[in-house]
Amino acid sequence: MKKAKTYIVIASALYLLQLVLKFSKTTVPSWYISYFSDFLCMPLLLFYALWFLRKIKKYSALILSWKMIFFAWIYVSIVFELLLPKFAHKFTADIFDVLVYGLGGLLYFVFQKQVIGSNSSITVTR
């Protein structure tokens with residue numbers, strides 16, 4: 001888990017850097033501003049969800065099933081790309097965001113198998 005925490009700290013720092021660049025009006029590629037935070041959203045969200053579940057269940061070998069990761073992708077996509085754009089003009093629906101959320105979820109799934117859950121035997125399925 002120590003290796004996983006290192007990756008999460010790096011991902012969180014990259015996310016914060018992206019926010020600083022966005023709000024400081026620094027010139028960076030538009031794809032970076034538009035999609036990089038969406039790409040990091042799912043791995044960060046799922047890592048913190050797993051951390052929270054492990055604390056509640058008091059079992060450090062829990063891992064998220066692919067079904068839970070898929071559900072999280074669908075949920076985030078519906079909320080941020082369907083519902084929020086209907087109620088707040090600040091949000092814009094973008095199908096590419098949905099794809100990038102999916103890529104982030106896939107990255108988390110691979111990451112979890114290789115780094116977080118390599119010694120895990122229990123999968124959260126609900």
# chains A, B, ... in the order shown; residues from 1 in each chain; ligands from 1
call {"tool": "residues_around", "arguments": {"residues": "Tyr48 of chain A", "least_positions_apart": "2", "cutoff": "12 Å", "atoms": "only C-alpha atoms", "output": "PyMOL selection string"}}
result
chain A and resi 4-5+8-9+12+41-46+50-55+63-64+108
call {"tool": "residues_around", "arguments": {"residues": "Val98 of chain A", "least_positions_apart": "6", "cutoff": "12 Å", "atoms": "only C-alpha atoms", "output": "ChimeraX atom specification"}}
result
/A:35,38-39,41-42,70,72-82,92,104-105
call {"tool": "atom_distance", "arguments": {"atom1": "atom CA of Ile116 of chain A", "atom2": "atom CA of Lys3 of chain A"}}
result
8.1 Å
call {"tool": "closest_residue", "arguments": {"among": "A:Trp31, A:Leu107, A:Lys58, A:Leu40", "to": "Ile10 of chain A", "atoms": "only C-alpha atoms"}}
result
A:Leu40
call {"tool": "select_by_dssp", "arguments": {"residues": "chain A", "states": "strand (DSSP E)", "output": "JSON, numbers by chain"}}
result
{"A": [62, 63, 64, 122, 123, 124]}
call {"tool": "atom_distance", "arguments": {"atom1": "atom CA of Tyr32 of chain A", "atom2": "atom CA of Ala11 of chain A"}}
result
14.1 Å
call {"tool": "select_by_dssp", "arguments": {"residues": "chain A", "states": "alpha helix (DSSP H)", "output": "number ranges by chain"}}
result
A: 2-23, 30-57, 66-78, 84-87, 95-111
